[in-house]
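Here's the structure, in structure tokens; my notes come after.
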Amino acid sequence: MYLFNGIISLVLGIGFFQYAFSTTKNHLSVDSQKKSPKQKQETPQNSQSSVPISHIPIKKGENILFVPIENIVYFEAFDNYSFVYDKKGEKKLCDYSLLFLETRLGEEFSRVHRKYIVNKGHIEQIKPHLNGRYVILFGNQISPVMSSKSYSATIRKLIKIE
């Protein structure tokens with residue numbers, strides 16, 4: 001019985017994907033003939049990824065909380081996930097990687113280290129450190145972040161040196 005169900009789902013699944021791929025391919029060929037060269041470059045995927053996100057989904061037990069971007073101080077990388085630090089100094093796990101967040105967050109966020117993305121609006125102080133690095137301070141409840149040397153140009157743009 002289980003073997004039969006596995007075979008049927010495999011056959012139906014492959015048939016479904018073959019049908020979906022062939023219809024998508026036909027629609028793309030018809031649509032590409034109708035569009036001008038400027039319209040061909042813009043795809044739904046490109047326009048979707050350029051839209052900044054306004055809330056970050058955070059899992060808390062079985063529930064999913066939506067934290068507004070304005071309340072987020074910085075993101076810290078952890079494998080393919082990231083930790084979100086909010087105004088209260090709370091650390092929460094997020095399912096997004098920093099690479100994804102970097103492409104989807106607005107202008108108010110800057111990457112300052114391969115491990116950190118900070119919210120410019122919550123920075124209270126930036127102190128120079130050794131070898132072109134900087135210490136970024138946010139508030140009394142939130143731990144500071146150290147920038148890396150490779151992102152020193154980004155920090156200098158933040159403090160308007162360059």
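So you can find residues: chains in the structure tokens are A, B, ... in the order shown, residues in each start at 1, and ligands are numbered from 1 in order.
When DSSP is run on the backbone, the residues of region 49-142 of chain A that fall into helix (DSSP H, G or I) are Ser49, Ile69, Glu70, Asn71, Leu98, Leu99, Phe100, Leu101, Glu102, Thr103, Arg104, Lys120, Gly121, His122, Leu130, Asn131 and Gly132 of chain A.
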message = Report as a PyMOL selection string all protein, DNA and RNA residues lying within 10 Å of region 104-120 of chain A, evaluated on only C-alpha atoms, omitting residues in the same chain fewer than 5 positions from it.
response = chain A and resi 48-55+69-79+82-85+98-99+133-134+136+138+145-155+158
key: Distance criterion (only C-alpha atoms): nearest to Lys92 (chain A) out of A:Arg156, A:Lys59, A:Ile142, A:Lys127   = A:Lys59
